Structures are given as structure tokens and as C-alpha cells.
$ cat my_file_10.pdb   # PDB, C-alpha atoms, pLDDT in the B column
ATOM      1  CA  MET Q   1      98.863   2.761 113.289  1.00 65.00           C
ATOM      2  CA  ASP Q   2      96.195   1.066 115.252  1.00 87.00           C
ATOM      3  CA  LEU Q   3      96.217  -2.238 117.095  1.00 85.00           C
ATOM      4  CA  TRP Q   4      94.429  -4.050 114.285  1.00 87.00           C
ATOM      5  CA  ASP Q   5      97.170  -3.141 111.751  1.00 86.00           C
ATOM      6  CA  GLU Q   6      99.892  -4.307 114.129  1.00 87.00           C
ATOM      7  CA  LEU Q   7      98.095  -7.608 114.679  1.00 85.00           C
ATOM      8  CA  LYS Q   8      97.799  -8.128 110.911  1.00 85.00           C
ATOM      9  CA  ARG Q   9     101.508  -7.353 110.408  1.00 87.00           C
ATOM     10  CA  GLY Q  10     102.430  -9.700 113.241  1.00 84.00           C
ATOM     11  CA  ALA Q  11     100.238 -12.464 111.837  1.00 86.00           C
ATOM     12  CA  GLN Q  12     101.700 -11.965 108.355  1.00 88.00           C
ATOM     13  CA  SER Q  13     105.206 -12.129 109.826  1.00 89.00           C
ATOM     14  CA  ILE Q  14     104.337 -15.439 111.494  1.00 90.00           C
ATOM     15  CA  VAL Q  15     102.926 -16.805 108.224  1.00 87.00           C
ATOM     16  CA  ASP Q  16     106.042 -15.674 106.327  1.00 86.00           C
ATOM     17  CA  GLU Q  17     108.353 -17.309 108.881  1.00 87.00           C
ATOM     18  CA  GLY Q  18     106.306 -20.514 108.812  1.00 87.00           C
ATOM     19  CA  SER Q  19     106.501 -20.586 105.028  1.00 87.00           C
ATOM     20  CA  LYS Q  20     110.257 -20.006 105.189  1.00 85.00           C
ATOM     21  CA  PHE Q  21     110.721 -22.854 107.683  1.00 84.00           C
ATOM     22  CA  GLY Q  22     108.540 -25.127 105.560  1.00 87.00           C
ATOM     23  CA  LYS Q  23     110.661 -24.411 102.485  1.00 86.00           C
ATOM     24  CA  MET Q  24     113.847 -24.979 104.498  1.00 89.00           C
ATOM     25  CA  ALA Q  25     112.537 -28.324 105.774  1.00 89.00           C
ATOM     26  CA  LYS Q  26     111.669 -29.374 102.225  1.00 86.00           C
ATOM     27  CA  LEU Q  27     115.153 -28.381 100.999  1.00 90.00           C
ATOM     28  CA  ARG Q  28     116.791 -30.253 103.879  1.00 89.00           C
ATOM     29  CA  SER Q  29     114.765 -33.343 102.996  1.00 91.00           C
ATOM     30  CA  GLN Q  30     115.857 -33.040  99.373  1.00 90.00           C
ATOM     31  CA  VAL Q  31     119.491 -32.667 100.465  1.00 91.00           C
ATOM     32  CA  ARG Q  32     119.250 -35.823 102.615  1.00 90.00           C
ATOM     33  CA  GLY Q  33     117.704 -37.706  99.695  1.00 90.00           C
ATOM     34  CA  LEU Q  34     120.430 -36.553  97.318  1.00 91.00           C
ATOM     35  CA  GLU Q  35     123.124 -37.448  99.857  1.00 91.00           C
ATOM     36  CA  ALA Q  36     121.685 -40.951 100.212  1.00 91.00           C
ATOM     37  CA  GLU Q  37     121.455 -41.357  96.436  1.00 90.00           C
ATOM     38  CA  LEU Q  38     125.022 -40.108  96.033  1.00 90.00           C
ATOM     39  CA  GLY Q  39     126.193 -42.552  98.699  1.00 90.00           C
ATOM     40  CA  ASP Q  40     124.491 -45.406  96.840  1.00 88.00           C
ATOM     41  CA  LYS Q  41     126.147 -44.364  93.568  1.00 89.00           C
ATOM     42  CA  ILE Q  42     129.571 -44.175  95.206  1.00 88.00           C
ATOM     43  CA  TYR Q  43     128.977 -47.597  96.776  1.00 90.00           C
ATOM     44  CA  ASP Q  44     127.970 -49.004  93.377  1.00 87.00           C
ATOM     45  CA  LEU Q  45     131.084 -47.484  91.797  1.00 89.00           C
ATOM     46  CA  GLY Q  46     133.276 -49.046  94.447  1.00 88.00           C
ATOM     47  CA  THR Q  47     131.751 -52.503  94.218  1.00 87.00           C
ATOM     48  CA  ARG Q  48     131.839 -52.493  90.424  1.00 87.00           C
ATOM     49  CA  SER Q  49     135.458 -51.348  90.443  1.00 89.00           C
ATOM     50  CA  LEU Q  50     136.346 -54.054  92.957  1.00 85.00           C
ATOM     51  CA  GLU Q  51     134.635 -56.673  90.799  1.00 85.00           C
ATOM     52  CA  LEU Q  52     136.534 -55.535  87.694  1.00 87.00           C
ATOM     53  CA  HIS Q  53     139.780 -55.634  89.656  1.00 85.00           C
ATOM     54  CA  ARG Q  54     139.000 -59.127  90.935  1.00 83.00           C
ATOM     55  CA  ARG Q  55     138.420 -60.256  87.358  1.00 84.00           C
ATOM     56  CA  ASN Q  56     141.775 -58.725  86.426  1.00 86.00           C
ATOM     57  CA  GLU Q  57     140.046 -56.238  84.114  1.00 87.00           C
ATOM     58  CA  LEU Q  58     140.932 -53.048  85.994  1.00 86.00           C
ATOM     59  CA  HIS Q  59     144.480 -51.987  86.737  1.00 82.00           C
ATOM     60  CA  HIS Q  60     145.675 -48.728  88.114  1.00 84.00           C
ATOM     61  CA  PHE Q  61     148.654 -48.404  90.399  1.00 82.00           C
ATOM     62  CA  GLU Q  62     146.864 -45.943  92.671  1.00 78.00           C
ATOM     63  CA  LEU Q  63     143.892 -48.281  93.103  1.00 85.00           C
ATOM     64  CA  ASP Q  64     145.726 -51.607  93.399  1.00 85.00           C
ATOM     65  CA  GLU Q  65     146.813 -50.923  96.991  1.00 85.00           C
ATOM     66  CA  LEU Q  66     143.303 -49.859  97.972  1.00 84.00           C
ATOM     67  CA  PHE Q  67     141.794 -52.977  96.370  1.00 84.00           C
ATOM     68  CA  ALA Q  68     144.279 -55.161  98.253  1.00 84.00           C
ATOM     69  CA  GLU Q  69     143.336 -53.446 101.524  1.00 85.00           C
ATOM     70  CA  ILE Q  70     139.625 -53.907 100.811  1.00 84.00           C
ATOM     71  CA  GLN Q  71     140.077 -57.580  99.998  1.00 82.00           C
ATOM     72  CA  ALA Q  72     142.094 -58.099 103.197  1.00 84.00           C
ATOM     73  CA  MET Q  73     139.349 -56.378 105.185  1.00 85.00           C
ATOM     74  CA  GLN Q  74     136.713 -58.569 103.523  1.00 78.00           C
ATOM     75  CA  ARG Q  75     138.671 -61.694 104.511  1.00 81.00           C
ATOM     76  CA  GLU Q  76     139.005 -60.397 108.075  1.00 84.00           C
ATOM     77  CA  LEU Q  77     135.290 -59.612 108.157  1.00 80.00           C
ATOM     78  CA  ARG Q  78     134.428 -63.154 107.063  1.00 76.00           C
ATOM     79  CA  GLU Q  79     136.802 -64.560 109.702  1.00 79.00           C
ATOM     80  CA  ARG Q  80     135.204 -62.453 112.459  1.00 84.00           C
ATOM     81  CA  GLU Q  81     131.714 -63.449 111.300  1.00 78.00           C
ATOM     82  CA  ALA Q  82     132.781 -67.115 111.407  1.00 76.00           C
ATOM     83  CA  GLU Q  83     134.137 -66.608 114.943  1.00 80.00           C
ATOM     84  CA  ILE Q  84     130.820 -65.103 116.042  1.00 81.00           C
ATOM     85  CA  GLU Q  85     128.892 -67.997 114.510  1.00 78.00           C
ATOM     86  CA  ALA Q  86     131.210 -70.509 116.214  1.00 79.00           C
ATOM     87  CA  MET Q  87     130.820 -68.750 119.586  1.00 82.00           C
ATOM     88  CA  ALA Q  88     127.047 -68.866 119.124  1.00 80.00           C
ATOM     89  CA  GLY Q  89     127.268 -72.608 118.542  1.00 79.00           C
ATOM     90  CA  ARG Q  90     126.355 -72.405 114.881  1.00 71.00           C
ATOM     91  CA  GLU Q  91     128.283 -73.470 111.850  1.00 63.00           C
ATOM     92  CA  PRO Q  92     129.937 -70.545 110.055  1.00 54.00           C
ATOM     93  CA  ASN Q  93     127.616 -69.048 107.451  1.00 47.00           C
ATOM     94  CA  ALA Q  94     124.690 -71.097 108.756  1.00 39.00           C
ATOM     95  CA  ALA Q  95     122.479 -68.080 108.116  1.00 38.00           C
ATOM     96  CA  ALA Q  96     123.496 -68.002 104.452  1.00 46.00           C
ATOM     97  CA  SER Q  97     120.638 -68.303 102.040  1.00 52.00           C
ATOM     98  CA  GLY Q  98     122.711 -69.110  98.974  1.00 77.00           C
ATOM     99  CA  ALA Q  99     125.917 -68.515  97.135  1.00 80.00           C
ATOM    100  CA  CYS Q 100     127.194 -65.747  94.900  1.00 81.00           C
ATOM    101  CA  PRO Q 101     126.585 -66.710  91.278  1.00 75.00           C
ATOM    102  CA  ASP Q 102     129.934 -65.180  90.328  1.00 73.00           C
ATOM    103  CA  CYS Q 103     132.456 -66.424  92.900  1.00 78.00           C
ATOM    104  CA  GLY Q 104     130.529 -69.012  94.921  1.00 77.00           C
ATOM    105  CA  GLN Q 105     130.943 -67.140  98.216  1.00 80.00           C
ATOM    106  CA  LYS Q 106     128.012 -67.756 100.534  1.00 81.00           C
ATOM    107  CA  VAL Q 107     125.707 -64.762 100.810  1.00 82.00           C
ATOM    108  CA  VAL Q 108     123.341 -63.749 103.578  1.00 79.00           C
ATOM    109  CA  GLU Q 109     119.705 -62.996 102.823  1.00 76.00           C
ATOM    110  CA  GLY Q 110     119.312 -59.276 102.316  1.00 75.00           C
ATOM    111  CA  ASP Q 111     122.829 -58.692 100.967  1.00 79.00           C
ATOM    112  CA  ARG Q 112     122.820 -56.399  97.955  1.00 77.00           C
ATOM    113  CA  PHE Q 113     126.391 -57.271  96.998  1.00 79.00           C
ATOM    114  CA  CYS Q 114     128.593 -60.313  97.463  1.00 81.00           C
ATOM    115  CA  ARG Q 115     130.955 -59.840 100.400  1.00 77.00           C
ATOM    116  CA  GLY Q 116     133.602 -61.836  98.597  1.00 78.00           C
ATOM    117  CA  CYS Q 117     133.767 -60.233  95.176  1.00 80.00           C
ATOM    118  CA  GLY Q 118     131.342 -57.312  95.189  1.00 78.00           C
ATOM    119  CA  TYR Q 119     129.016 -58.872  92.599  1.00 77.00           C
ATOM    120  CA  ARG Q 120     125.632 -57.132  92.586  1.00 76.00           C
ATOM    121  CA  LEU Q 121     123.025 -59.599  93.826  1.00 76.00           C
ATOM    122  CA  LYS Q 122     119.387 -59.502  92.834  1.00 68.00           C
ATOM    123  CA  GLY Q 123     117.087 -57.964  95.364  1.00 53.00           C
TER     124      GLY Q 123
END
$ encode --input "my_file_10.pdb" --output "C-alpha cells"
Amino acid sequence: MDLWDELKRGAQSIVDEGSKFGKMAKLRSQVRGLEAELGDKIYDLGTRSLELHRRNELHHFELDELFAEIQAMQRELREREAEIEAMAGREPNAAASGACPDCGQKVVEGDRFCRGCGYRLKG
């Protein structure tokens, strides 16, 4: 085998490896996209379930405790946000751009879901 044949084989090996890495990068990108989409779906499921529970339309003994914990965390979150606003010299929820059409809780511009009830906001 002469030098020219070895160079061609080496070049082909580099091309094959590059193609393999390109395919792997594309697959990794697809995986990240699917993971993000799955995360959004799980988030939607959770917020819809929480909304149904808040409306007293969803009952399951295994979920009731989790819903209660989530609602307590939401209250604590609102309290901490109010503390931050007060420390900054602003009225609590001063940055709010409106209210939830379902529960009346003030919502911040950019929120996709109400922090009070989980209602899906337009946007």
C-alpha cells in the first residue's frame, strides 16, 4: 500500500468520524428539545391538576397532601416576594400588570400561569 492510499483512508476516516459527531450532535439537540417539551407538558399537567383541585373538581387521597404542600409553598412564595418588595421600598405586587381572570390574584407580566391558582394566562 502506498502513501497515497493511506492518506485517502485517513481522510475517509476523518470524514466518517466528523459525520458521526455531526449525527450525535443532532441527536443530542433533539433529546434536549424533547426534554424541554416533556418538561412543559409535565408543568401543564401539574398546573391543570392544581386548578382542578382548587375548584374542588379533583380528589385523590394521594394527591391531596401534595396539593396542600404546593398551595402552602405558593403562599410562602407570595409572602417572600412581598417582603422583597417592601425592603425595596415598593408596595407589594407593584410590578403586577393585572389580575388573574379566575381567582383575582395579581399576576406579573410574563407569567404563563397564575401563581395563586395555576390558571393558564394568555401569552
$ closest_residue --input "my_file_10.pdb" --among "Q:Ser49, Q:Gln105, Q:Ser29, Q:Asn56" --to "Arg75 (chain Q)" --atoms "all atoms listed in the file"
Q:Gln105
$ resolve_selection --input "my_file_10.pdb" --expression "the PyMOL selection byres ((chain Q and resi 101) around 12)" --output "JSON, numbers by chain"
{"Q": [98, 99, 100, 102, 103, 104, 105, 106, 107, 113, 114, 116, 117, 118, 119, 120, 121, 122]}
$ closest_residue --input "my_file_10.pdb" --among "Q:Leu50, Q:Ser13, Q:Val31, Q:Glu6" --to "Asp64 (chain Q)" --atoms "only C-alpha atoms"
Q:Leu50
$ closest_residue --input "my_file_10.pdb" --among "Q:Arg32, Q:Gly22, Q:Glu51, Q:Tyr43" --to "Arg112 (chain Q)" --atoms "all atoms listed in the file"
Q:Tyr43
$ atom_distance --input "my_file_10.pdb" --atom1 "CA of Leu66 (chain Q)" --atom2 "CA of Ile42 (chain Q)"
15.1 Å
$ atom_distance --input "my_file_10.pdb" --atom1 "CA of Glu35 (chain Q)" --atom2 "CA of Gln74 (chain Q)"
25.4 Å
$ atom_distance --input "my_file_10.pdb" --atom1 "CA of Asp111 (chain Q)" --atom2 "CA of His59 (chain Q)"
26.8 Å
$ closest_residue --input "my_file_10.pdb" --among "Q:Ala88, Q:Ala11, Q:Leu27, Q:Leu77" --to "Arg115 (chain Q)" --atoms "all atoms listed in the file"
Q:Leu77
$ resolve_selection --input "my_file_10.pdb" --expression "the PyMOL selection byres ((chain Q and resi 67) around 10)" --output "PDB file with C-alpha atoms, in the coordinates of the input"
ATOM      1  CA  GLY Q  46     133.276 -49.046  94.447  1.00 88.00           C
ATOM      2  CA  SER Q  49     135.458 -51.348  90.443  1.00 89.00           C
ATOM      3  CA  LEU Q  50     136.346 -54.054  92.957  1.00 85.00           C
ATOM      4  CA  GLU Q  51     134.635 -56.673  90.799  1.00 85.00           C
ATOM      5  CA  HIS Q  53     139.780 -55.634  89.656  1.00 85.00           C
ATOM      6  CA  ARG Q  54     139.000 -59.127  90.935  1.00 83.00           C
ATOM      7  CA  GLU Q  62     146.864 -45.943  92.671  1.00 78.00           C
ATOM      8  CA  LEU Q  63     143.892 -48.281  93.103  1.00 85.00           C
ATOM      9  CA  ASP Q  64     145.726 -51.607  93.399  1.00 85.00           C
ATOM     10  CA  GLU Q  65     146.813 -50.923  96.991  1.00 85.00           C
ATOM     11  CA  LEU Q  66     143.303 -49.859  97.972  1.00 84.00           C
ATOM     12  CA  ALA Q  68     144.279 -55.161  98.253  1.00 84.00           C
ATOM     13  CA  GLU Q  69     143.336 -53.446 101.524  1.00 85.00           C
ATOM     14  CA  ILE Q  70     139.625 -53.907 100.811  1.00 84.00           C
ATOM     15  CA  GLN Q  71     140.077 -57.580  99.998  1.00 82.00           C
ATOM     16  CA  ALA Q  72     142.094 -58.099 103.197  1.00 84.00           C
ATOM     17  CA  MET Q  73     139.349 -56.378 105.185  1.00 85.00           C
TER      18      MET Q  73
END
$ axis_aligned_box --input "my_file_10.pdb" --around "region 49-68 of chain Q" --padding-each-side "3 Å" --output "AutoDock Vina command-line options"
--center_x 141.6 --center_y -53.1 --center_z 91.2 --size_x 20.0 --size_y 20.3 --size_z 20.1
